[in-house]
Amino acid sequence: MRMFFHMLLALASPYLPSPVIERVEFDFSTHKRFAPGSDNWPTTWADDGHLYAAWGDGGGFGGDNKKGRVTLGVARIEGDAASYTGHNVWGGFNAAHPAQFDGKSYGMLSVGGVLYMWVSHQPNPHLDKCQLAFSKDHGATWQLADWCFRYTDQLTVPTFLNFGCDYAGARDGYVYSYFIHPAWGPGKSATGNYGFDVHKPGRVCLSRVPKEAILDRNRHEFFAGLAKNGAPKWSAKLSDKQPVFQDANGVGWNLSVSFNPGLRRYLLVTEHGETHAGKFGLFDAPEPWGPWTTVAYEDRWGEGHVEVSTFYWNFPTKWLSADGARFTLVFTGKNSNDSWNTVDGRFIRRASDYFPPPDSEGGWRTRPNDARFDAAFEFAKRTTKNGGLLVLHRGWLVYERYFGRAHHEANPVNASIAKSFTSIAIGILLHERPELFPDGLDQQVFTPRYFPVEMFPLSDPRKADIKLGQLLAMTAGIRGNNPGSMVNHQPVTLTPAGPDGQVASTDAMAFGQMDGKLNARTLWCEPGGGYSYATASIHLGSVMLRHVTGRELKDYVDEKIARPLGWGRWEWRDTGNPHTPGGGNIAPRPTDLLRFGYLLLREGRWRDRQIVPADYVRHCARPSPYNPHYDYSLQFDVNGNGHWSDVPRDAFWKSGSGGHVLYIVPSLDLVVYKMGGRDSQYARSRPSPTPDSSRENWKEDRALDYETAKHETLKLIITALDNSK
């Protein structure tokens, strides 16, 4: 078997390497060539189980550059990738039906049994206008829509995003099209081959239209950038469109885009640098609009196997393996490649693309405890009476030790680590119910749409201006702890301070309806005017989720996070509260809390599911625009400004009373759980099968403050990793 390996050329590519696909390989011993003289060949998988494809300037299957030549034809490809046959349906040699109009196509789609085709009209180079055509009889006859996009709209040579058979497995109810933003045209390029060239700078725009209204021009809208919460914005105004893909080296005058369900990645293929020269660029993304990463970026694709003259490639979704790893690629080019060509290949997933089974099925892959982490473990024993240290590096559990009442099956109360779960649950809700949050994290939520009637009238009218992002970043002005409040990174003292602990997670207290020495009746500053660590603030987030979903936070987390990640026994202890307290008391097993950290390390993805929007996880991990006062994002401490100078800046973590800390460091592929806990936090935990009585007389080291304990533990772990290189 002759394999052709495509590796990333990091210095040339416009995007970082794919986090999912390490490389792509092509087996040119499987190369097949038909229909000489006919090029292009965009494909789609129709409802009758066959592929349909469009070609240009040739006779199609059985024809050549003269025999049966048409400028635009449509063929049906029957069979699997190993033994297929091509049949000319519309135009070409011995076609079943004659072609009705000229043009070229680089995008075909089947939806609801109807074939659609983007047609770029003659004469070359097809940039003046692009028009939809459709066929209700599997390509036998075609009709053109009565409208088009033109070069003056800065939209040329579009393609469709293809999913499964007849659009099965589509992301949603929309049809997506990608357009080249032209850098030359509408006439021929003065520099490229055959009057064509790549477009420099390279920009690709994206449109969507409800699948039941594909032919309605007024229903088409364009990607117009990302909202603060990472959700895409759409506009019917052409002037609002923004590119979803860019390459300073240029993009081809055509492209293809398809979804690989096994990999859960969108694949975009186009040229760069120059055209008709094998400049193969393959990119992947978790969403149709990105963010894009690079799988391969080649200057001489196929060299040694086929002529280096290709310019168009696409992945027929019918010919993908169930796991997405194996494929058959269709490609074309000039000279000998001016034909229908296929080659088999496979995607090699990154080793870091590992996800553990539940502990009941074997759990994490492990290595013997590395003695280099013993120093960090001994330090952790100084900070809490009970606890442990778990180190997950590159998907391997390389260290797991416990002391006191902690053990592998223990599930003590993790206190404020629960706040991070509340935030992540809200991130999931934002993605699932975008119609509820049209402004994303900018949404002003203190209205009856988001909260129960019991909260109204508001105890402070300024609460009406609070944005969801401020509520999650604790800059809403809700009273929190002393110390623990900041304005522009300078500490301030609140008078009075706000409630903390269990009482702060009582609805009436969080609503500002209870009096006392500590209360939340009034805001201590205008929304956005300062930071205060306020348990009542994040509990209000859980009340909002409960109100709009009709479900308790614990049940929502169980469905959306715990069960998909394969957790074992866990609790969210209410301690007498009638509702799940959004600010504390989650109690997972230690290796399951690692699963939560690993979910965040992998930007919200678990195997083939995007459980949490990746953009929301990124926001959690970085300094937030909703909190300019302190390095605390959406319920996570962050190091983006380097206040822990000896720790990577991409580190983020969440701590809980009792000495619990969950750390995530993406640049080191690292998750660490510093397990802690007072005796009371283990009161309802499963007892250890081998009790450790040596800690019963443990005394707190009062010289070791909480912040130092958090910082020093992570620093010792990182030092150990450095020493292991």
# chains A, B, ... in the order shown; residues from 1 in each chain; ligands from 1
>>> select_by_dssp(residues="segment 294-529 of chain A", states="helix (DSSP H, G or I)", output="NGL selection string")
:A and (317-319 or 335-337 or 359-361 or 371-383 or 417-432 or 434-436 or 440-442 or 453-455 or 461-465 or 468-473 or 501-504 or 507-510)
>>> residues_around(residues="segment 682-689 of chain A", least_positions_apart="6", cutoff="12 Å", atoms="only C-alpha atoms", output="ChimeraX atom specification")
/A:385-387,402-415,569-573,575,585-590,658,675-676
>>> closest_residue(among="A:Trp41, A:Phe456, A:Tyr556, A:Phe28", to="Trp301 of chain A", atoms="only C-alpha atoms")
A:Phe28
>>> select_by_dssp(residues="segment 365-462 of chain A", states="strand (DSSP E or B)", output="ChimeraX atom specification")
/A:366,387-393,396-403,444
>>> residues_around(residues="Gly516 of chain A", least_positions_apart="2", cutoff="10 Å", atoms="only C-alpha atoms", output="list of chain:residue names")
A:Pro496, A:Gly498, A:Pro499, A:Met509, A:Met514, A:Leu518, A:Asn519, A:Ala520, A:Arg521
>>> residues_around(residues="Val198 of chain A", least_positions_apart="5", cutoff="9 Å", atoms="only C-alpha atoms", output="count of residues only")
14
>>> residues_around(residues="Leu16 of chain A", least_positions_apart="4", cutoff="9 Å", atoms="only C-alpha atoms", output="PyMOL selection string")
chain A and resi 10+292-295
>>> residues_around(residues="segment 83-93 of chain A", least_positions_apart="2", cutoff="6 Å", atoms="only C-alpha atoms", output="mmCIF file with N, CA, C and O atoms, in the first residue's frame")
data_model
loop_
_atom_site.group_PDB
_atom_site.id
_atom_site.type_symbol
_atom_site.label_atom_id
_atom_site.label_comp_id
_atom_site.auth_asym_id
_atom_site.auth_seq_id
_atom_site.Cartn_x
_atom_site.Cartn_y
_atom_site.Cartn_z
ATOM 1 N N GLY A 59 -17.487 15.648 -21.753
ATOM 2 C CA GLY A 59 -18.591 14.750 -22.056
ATOM 3 C C GLY A 59 -19.042 13.907 -20.889
ATOM 4 O O GLY A 59 -19.917 13.049 -21.044
ATOM 5 N N GLY A 60 -18.446 14.104 -19.692
ATOM 6 C CA GLY A 60 -18.857 13.319 -18.540
ATOM 7 C C GLY A 60 -18.380 11.879 -18.644
ATOM 8 O O GLY A 60 -17.421 11.554 -19.367
ATOM 9 N N PHE A 61 -19.066 10.982 -17.943
ATOM 10 C CA PHE A 61 -18.679 9.568 -17.949
ATOM 11 C C PHE A 61 -18.894 8.976 -19.347
ATOM 12 O O PHE A 61 -19.966 9.123 -19.936
ATOM 13 N N GLY A 63 -17.499 10.001 -21.985
ATOM 14 C CA GLY A 63 -17.145 11.015 -22.980
ATOM 15 C C GLY A 63 -15.697 11.440 -22.842
ATOM 16 O O GLY A 63 -14.904 10.837 -22.126
ATOM 17 N N GLY A 68 -19.445 14.421 -26.617
ATOM 18 C CA GLY A 68 -20.510 14.726 -25.670
ATOM 19 C C GLY A 68 -20.284 15.997 -24.882
ATOM 20 O O GLY A 68 -20.993 16.239 -23.884
ATOM 21 N N ARG A 69 -19.358 16.832 -25.288
ATOM 22 C CA ARG A 69 -18.953 18.002 -24.501
ATOM 23 C C ARG A 69 -20.112 18.959 -24.235
ATOM 24 O O ARG A 69 -20.842 19.336 -25.153
ATOM 25 N N VAL A 70 -20.262 19.343 -22.979
ATOM 26 C CA VAL A 70 -21.169 20.419 -22.557
ATOM 27 C C VAL A 70 -20.407 21.278 -21.556
ATOM 28 O O VAL A 70 -19.438 20.835 -20.927
ATOM 29 N N GLY A 73 -22.758 19.687 -16.938
ATOM 30 C CA GLY A 73 -23.522 18.449 -16.963
ATOM 31 C C GLY A 73 -23.688 17.901 -15.557
ATOM 32 O O GLY A 73 -22.977 18.289 -14.623
ATOM 33 N N VAL A 74 -24.628 16.956 -15.412
ATOM 34 C CA VAL A 74 -24.903 16.336 -14.113
ATOM 35 C C VAL A 74 -24.876 14.824 -14.286
ATOM 36 O O VAL A 74 -25.480 14.279 -15.225
ATOM 37 N N ALA A 75 -24.195 14.161 -13.370
ATOM 38 C CA ALA A 75 -24.074 12.699 -13.411
ATOM 39 C C ALA A 75 -24.566 12.090 -12.103
ATOM 40 O O ALA A 75 -24.577 12.740 -11.054
ATOM 41 N N ARG A 76 -24.946 10.835 -12.194
ATOM 42 C CA ARG A 76 -25.315 10.044 -11.015
ATOM 43 C C ARG A 76 -24.236 8.980 -10.819
ATOM 44 O O ARG A 76 -23.859 8.289 -11.767
ATOM 45 N N ILE A 77 -23.759 8.848 -9.590
ATOM 46 C CA ILE A 77 -22.719 7.874 -9.287
ATOM 47 C C ILE A 77 -23.328 6.813 -8.377
ATOM 48 O O ILE A 77 -23.758 7.114 -7.252
ATOM 49 N N GLU A 78 -23.410 5.587 -8.877
ATOM 50 C CA GLU A 78 -24.039 4.490 -8.139
ATOM 51 C C GLU A 78 -22.977 3.573 -7.549
ATOM 52 O O GLU A 78 -21.935 3.348 -8.160
ATOM 53 N N GLY A 79 -23.264 3.043 -6.363
ATOM 54 C CA GLY A 79 -22.370 2.076 -5.747
ATOM 55 C C GLY A 79 -21.537 2.668 -4.632
ATOM 56 O O GLY A 79 -21.612 3.866 -4.325
ATOM 57 N N ASP A 80 -20.737 1.800 -4.020
ATOM 58 C CA ASP A 80 -19.871 2.266 -2.940
ATOM 59 C C ASP A 80 -18.538 2.718 -3.511
ATOM 60 O O ASP A 80 -18.294 2.649 -4.718
ATOM 61 N N ALA A 81 -17.663 3.186 -2.628
ATOM 62 C CA ALA A 81 -16.413 3.772 -3.101
ATOM 63 C C ALA A 81 -15.510 2.751 -3.777
ATOM 64 O O ALA A 81 -14.697 3.101 -4.643
ATOM 65 N N ALA A 95 -26.229 10.952 -22.732
ATOM 66 C CA ALA A 95 -26.973 11.380 -21.545
ATOM 67 C C ALA A 95 -28.439 10.981 -21.645
ATOM 68 O O ALA A 95 -29.021 10.933 -22.742
ATOM 69 N N ALA A 96 -29.044 10.736 -20.494
ATOM 70 C CA ALA A 96 -30.477 10.429 -20.461
ATOM 71 C C ALA A 96 -31.312 11.641 -20.819
ATOM 72 O O ALA A 96 -32.422 11.502 -21.356
ATOM 73 N N HIS A 97 -30.801 12.842 -20.541
ATOM 74 C CA HIS A 97 -31.536 14.077 -20.805
ATOM 75 C C HIS A 97 -30.555 15.150 -21.244
ATOM 76 O O HIS A 97 -29.403 15.183 -20.782
ATOM 77 N N PRO A 98 -30.957 16.061 -22.119
ATOM 78 C CA PRO A 98 -30.041 17.100 -22.597
ATOM 79 C C PRO A 98 -29.853 18.203 -21.555
ATOM 80 O O PRO A 98 -30.740 18.474 -20.738
ATOM 81 N N ALA A 99 -28.703 18.829 -21.604
ATOM 82 C CA ALA A 99 -28.472 20.005 -20.765
ATOM 83 C C ALA A 99 -29.318 21.156 -21.278
ATOM 84 O O ALA A 99 -29.554 21.288 -22.486
ATOM 85 N N ALA A 140 -33.006 15.183 -13.971
ATOM 86 C CA ALA A 140 -33.431 15.040 -15.370
ATOM 87 C C ALA A 140 -33.703 16.390 -16.007
ATOM 88 O O ALA A 140 -33.340 16.634 -17.172
#
>>> closest_residue(among="A:Gly388, A:Gly512, A:Gly480, A:Gly469", to="Gly677 of chain A", atoms="only C-alpha atoms")
A:Gly388
>>> closest_residue(among="A:Glu307, A:Glu212, A:Asp359, A:Asp57", to="Arg595 of chain A", atoms="only C-alpha atoms")
A:Asp359
>>> closest_residue(among="A:Pro286, A:Gly550, A:Pro42, A:Gly202", to="Arg602 of chain A", atoms="only C-alpha atoms")
A:Pro286
>>> closest_residue(among="A:Glu432, A:Glu707, A:Asp637, A:Asp197", to="Leu545 of chain A", atoms="only C-alpha atoms")
A:Glu432
>>> closest_residue(among="A:Ser239, A:Thr447, A:Asn193, A:Thr332", to="Gly302 of chain A", atoms="only C-alpha atoms")
A:Thr332
>>> atom_distance(atom1="atom CA of Asp247 of chain A", atom2="atom CA of Leu267 of chain A")
15.5 Å
>>> decode(residues="segment 560-574 of chain A", atoms="all heavy atoms", output="PDB file, in the first residue's frame")
ATOM      1  N   LYS A 560     -27.046  16.949  31.433  1.00  0.00           N
ATOM      2  CA  LYS A 560     -26.183  17.591  30.448  1.00  0.00           C
ATOM      3  C   LYS A 560     -24.695  17.317  30.661  1.00  0.00           C
ATOM      4  O   LYS A 560     -23.911  17.393  29.715  1.00  0.00           O
ATOM      5  CB  LYS A 560     -26.411  19.103  30.460  1.00  0.00           C
ATOM      6  CG  LYS A 560     -27.857  19.537  30.258  1.00  0.00           C
ATOM      7  CD  LYS A 560     -28.388  19.136  28.898  1.00  0.00           C
ATOM      8  CE  LYS A 560     -29.821  19.642  28.712  1.00  0.00           C
ATOM      9  NZ  LYS A 560     -30.374  19.251  27.388  1.00  0.00           N
ATOM     10  N   ILE A 561     -24.288  17.008  31.905  1.00  0.00           N
ATOM     11  CA  ILE A 561     -22.865  16.855  32.195  1.00  0.00           C
ATOM     12  C   ILE A 561     -22.555  15.493  32.806  1.00  0.00           C
ATOM     13  O   ILE A 561     -21.758  14.724  32.260  1.00  0.00           O
ATOM     14  CB  ILE A 561     -22.370  17.990  33.126  1.00  0.00           C
ATOM     15  CG1 ILE A 561     -22.561  19.356  32.449  1.00  0.00           C
ATOM     16  CG2 ILE A 561     -20.912  17.771  33.504  1.00  0.00           C
ATOM     17  CD1 ILE A 561     -22.240  20.542  33.340  1.00  0.00           C
ATOM     18  N   ALA A 562     -23.166  15.174  33.954  1.00  0.00           N
ATOM     19  CA  ALA A 562     -22.759  13.982  34.708  1.00  0.00           C
ATOM     20  C   ALA A 562     -22.951  12.703  33.910  1.00  0.00           C
ATOM     21  O   ALA A 562     -22.031  11.875  33.809  1.00  0.00           O
ATOM     22  CB  ALA A 562     -23.538  13.923  36.027  1.00  0.00           C
ATOM     23  N   ARG A 563     -24.132  12.515  33.343  1.00  0.00           N
ATOM     24  CA  ARG A 563     -24.374  11.271  32.604  1.00  0.00           C
ATOM     25  C   ARG A 563     -23.563  11.178  31.313  1.00  0.00           C
ATOM     26  O   ARG A 563     -22.973  10.124  31.025  1.00  0.00           O
ATOM     27  CB  ARG A 563     -25.871  11.112  32.342  1.00  0.00           C
ATOM     28  CG  ARG A 563     -26.621  10.550  33.551  1.00  0.00           C
ATOM     29  CD  ARG A 563     -28.050  10.217  33.203  1.00  0.00           C
ATOM     30  NE  ARG A 563     -28.910  11.385  33.278  1.00  0.00           N
ATOM     31  CZ  ARG A 563     -30.125  11.470  32.748  1.00  0.00           C
ATOM     32  NH1 ARG A 563     -30.626  10.462  32.065  1.00  0.00           N
ATOM     33  NH2 ARG A 563     -30.848  12.563  32.883  1.00  0.00           N
ATOM     34  N   PRO A 564     -23.484  12.233  30.491  1.00  0.00           N
ATOM     35  CA  PRO A 564     -22.636  12.125  29.299  1.00  0.00           C
ATOM     36  C   PRO A 564     -21.166  11.833  29.610  1.00  0.00           C
ATOM     37  O   PRO A 564     -20.486  11.177  28.827  1.00  0.00           O
ATOM     38  CB  PRO A 564     -22.804  13.500  28.627  1.00  0.00           C
ATOM     39  CG  PRO A 564     -24.128  13.998  29.101  1.00  0.00           C
ATOM     40  CD  PRO A 564     -24.259  13.493  30.497  1.00  0.00           C
ATOM     41  N   LEU A 565     -20.675  12.318  30.765  1.00  0.00           N
ATOM     42  CA  LEU A 565     -19.279  12.099  31.119  1.00  0.00           C
ATOM     43  C   LEU A 565     -19.062  10.768  31.843  1.00  0.00           C
ATOM     44  O   LEU A 565     -17.914  10.396  32.112  1.00  0.00           O
ATOM     45  CB  LEU A 565     -18.768  13.242  32.003  1.00  0.00           C
ATOM     46  CG  LEU A 565     -18.144  14.441  31.269  1.00  0.00           C
ATOM     47  CD1 LEU A 565     -19.122  15.053  30.275  1.00  0.00           C
ATOM     48  CD2 LEU A 565     -17.687  15.498  32.268  1.00  0.00           C
ATOM     49  N   GLY A 566     -20.141  10.049  32.145  1.00  0.00           N
ATOM     50  CA  GLY A 566     -20.007   8.735  32.753  1.00  0.00           C
ATOM     51  C   GLY A 566     -19.719   8.757  34.238  1.00  0.00           C
ATOM     52  O   GLY A 566     -19.022   7.877  34.752  1.00  0.00           O
ATOM     53  N   TRP A 567     -20.270   9.757  34.944  1.00  0.00           N
ATOM     54  CA  TRP A 567     -20.035   9.825  36.382  1.00  0.00           C
ATOM     55  C   TRP A 567     -20.658   8.633  37.093  1.00  0.00           C
ATOM     56  O   TRP A 567     -21.665   8.077  36.662  1.00  0.00           O
ATOM     57  CB  TRP A 567     -20.670  11.092  36.951  1.00  0.00           C
ATOM     58  CG  TRP A 567     -19.874  12.340  36.747  1.00  0.00           C
ATOM     59  CD1 TRP A 567     -18.868  12.532  35.849  1.00  0.00           C
ATOM     60  CD2 TRP A 567     -20.047  13.570  37.445  1.00  0.00           C
ATOM     61  NE1 TRP A 567     -18.402  13.812  35.937  1.00  0.00           N
ATOM     62  CE2 TRP A 567     -19.111  14.481  36.918  1.00  0.00           C
ATOM     63  CE3 TRP A 567     -20.900  14.001  38.447  1.00  0.00           C
ATOM     64  CZ2 TRP A 567     -19.003  15.789  37.376  1.00  0.00           C
ATOM     65  CZ3 TRP A 567     -20.804  15.301  38.910  1.00  0.00           C
ATOM     66  CH2 TRP A 567     -19.857  16.182  38.384  1.00  0.00           C
ATOM     67  N   GLY A 568     -20.081   8.302  38.230  1.00  0.00           N
ATOM     68  CA  GLY A 568     -20.684   7.348  39.148  1.00  0.00           C
ATOM     69  C   GLY A 568     -21.582   8.070  40.136  1.00  0.00           C
ATOM     70  O   GLY A 568     -22.191   9.092  39.820  1.00  0.00           O
ATOM     71  N   ARG A 569     -21.645   7.562  41.346  1.00  0.00           N
ATOM     72  CA  ARG A 569     -22.499   8.147  42.373  1.00  0.00           C
ATOM     73  C   ARG A 569     -22.059   9.580  42.690  1.00  0.00           C
ATOM     74  O   ARG A 569     -20.879   9.847  42.892  1.00  0.00           O
ATOM     75  CB  ARG A 569     -22.406   7.284  43.637  1.00  0.00           C
ATOM     76  CG  ARG A 569     -23.234   7.741  44.824  1.00  0.00           C
ATOM     77  CD  ARG A 569     -23.056   6.757  45.972  1.00  0.00           C
ATOM     78  NE  ARG A 569     -21.656   6.633  46.361  1.00  0.00           N
ATOM     79  CZ  ARG A 569     -21.069   7.420  47.259  1.00  0.00           C
ATOM     80  NH1 ARG A 569     -21.753   8.367  47.867  1.00  0.00           N
ATOM     81  NH2 ARG A 569     -19.797   7.240  47.570  1.00  0.00           N
ATOM     82  N   TRP A 570     -23.021  10.489  42.738  1.00  0.00           N
ATOM     83  CA  TRP A 570     -22.709  11.867  43.104  1.00  0.00           C
ATOM     84  C   TRP A 570     -23.949  12.508  43.713  1.00  0.00           C
ATOM     85  O   TRP A 570     -25.057  12.001  43.582  1.00  0.00           O
ATOM     86  CB  TRP A 570     -22.216  12.673  41.899  1.00  0.00           C
ATOM     87  CG  TRP A 570     -23.284  13.064  40.912  1.00  0.00           C
ATOM     88  CD1 TRP A 570     -23.897  12.263  40.003  1.00  0.00           C
ATOM     89  CD2 TRP A 570     -23.871  14.363  40.761  1.00  0.00           C
ATOM     90  NE1 TRP A 570     -24.826  12.958  39.275  1.00  0.00           N
ATOM     91  CE2 TRP A 570     -24.835  14.263  39.722  1.00  0.00           C
ATOM     92  CE3 TRP A 570     -23.681  15.593  41.382  1.00  0.00           C
ATOM     93  CZ2 TRP A 570     -25.592  15.358  39.300  1.00  0.00           C
ATOM     94  CZ3 TRP A 570     -24.436  16.676  40.963  1.00  0.00           C
ATOM     95  CH2 TRP A 570     -25.379  16.554  39.932  1.00  0.00           C
ATOM     96  N   GLU A 571     -23.743  13.641  44.353  1.00  0.00           N
ATOM     97  CA  GLU A 571     -24.843  14.357  44.975  1.00  0.00           C
ATOM     98  C   GLU A 571     -24.656  15.855  44.782  1.00  0.00           C
ATOM     99  O   GLU A 571     -23.544  16.326  44.512  1.00  0.00           O
ATOM    100  CB  GLU A 571     -24.913  14.076  46.484  1.00  0.00           C
ATOM    101  CG  GLU A 571     -25.183  12.641  46.867  1.00  0.00           C
ATOM    102  CD  GLU A 571     -25.202  12.479  48.377  1.00  0.00           C
ATOM    103  OE1 GLU A 571     -26.213  12.880  48.999  1.00  0.00           O
ATOM    104  OE2 GLU A 571     -24.205  11.971  48.930  1.00  0.00           O
ATOM    105  N   TRP A 572     -25.760  16.554  44.925  1.00  0.00           N
ATOM    106  CA  TRP A 572     -25.718  18.018  45.095  1.00  0.00           C
ATOM    107  C   TRP A 572     -26.553  18.279  46.346  1.00  0.00           C
ATOM    108  O   TRP A 572     -27.769  18.298  46.310  1.00  0.00           O
ATOM    109  CB  TRP A 572     -26.296  18.754  43.899  1.00  0.00           C
ATOM    110  CG  TRP A 572     -25.854  20.194  43.821  1.00  0.00           C
ATOM    111  CD1 TRP A 572     -25.781  21.093  44.834  1.00  0.00           C
ATOM    112  CD2 TRP A 572     -25.384  20.878  42.655  1.00  0.00           C
ATOM    113  NE1 TRP A 572     -25.308  22.300  44.404  1.00  0.00           N
ATOM    114  CE2 TRP A 572     -25.053  22.203  43.056  1.00  0.00           C
ATOM    115  CE3 TRP A 572     -25.209  20.520  41.331  1.00  0.00           C
ATOM    116  CZ2 TRP A 572     -24.578  23.154  42.167  1.00  0.00           C
ATOM    117  CZ3 TRP A 572     -24.739  21.467  40.448  1.00  0.00           C
ATOM    118  CH2 TRP A 572     -24.421  22.772  40.854  1.00  0.00           C
ATOM    119  N   ARG A 573     -25.868  18.407  47.472  1.00  0.00           N
ATOM    120  CA  ARG A 573     -26.545  18.416  48.760  1.00  0.00           C
ATOM    121  C   ARG A 573     -27.235  19.752  49.015  1.00  0.00           C
ATOM    122  O   ARG A 573     -26.614  20.812  48.900  1.00  0.00           O
ATOM    123  CB  ARG A 573     -25.547  18.077  49.868  1.00  0.00           C
ATOM    124  CG  ARG A 573     -25.002  16.649  49.658  1.00  0.00           C
ATOM    125  CD  ARG A 573     -23.955  16.240  50.648  1.00  0.00           C
ATOM    126  NE  ARG A 573     -23.405  14.938  50.235  1.00  0.00           N
ATOM    127  CZ  ARG A 573     -22.173  14.542  50.457  1.00  0.00           C
ATOM    128  NH1 ARG A 573     -21.336  15.327  51.104  1.00  0.00           N
ATOM    129  NH2 ARG A 573     -21.761  13.360  50.045  1.00  0.00           N
ATOM    130  N   ASP A 574     -28.519  19.671  49.369  1.00  0.00           N
ATOM    131  CA  ASP A 574     -29.294  20.894  49.545  1.00  0.00           C
ATOM    132  C   ASP A 574     -29.255  21.433  50.970  1.00  0.00           C
ATOM    133  O   ASP A 574     -29.620  22.574  51.214  1.00  0.00           O
ATOM    134  CB  ASP A 574     -30.748  20.669  49.115  1.00  0.00           C
ATOM    135  CG  ASP A 574     -31.404  19.506  49.831  1.00  0.00           C
ATOM    136  OD1 ASP A 574     -31.109  19.287  51.017  1.00  0.00           O
ATOM    137  OD2 ASP A 574     -32.209  18.804  49.188  1.00  0.00           O
TER     138      ASP A 574
END
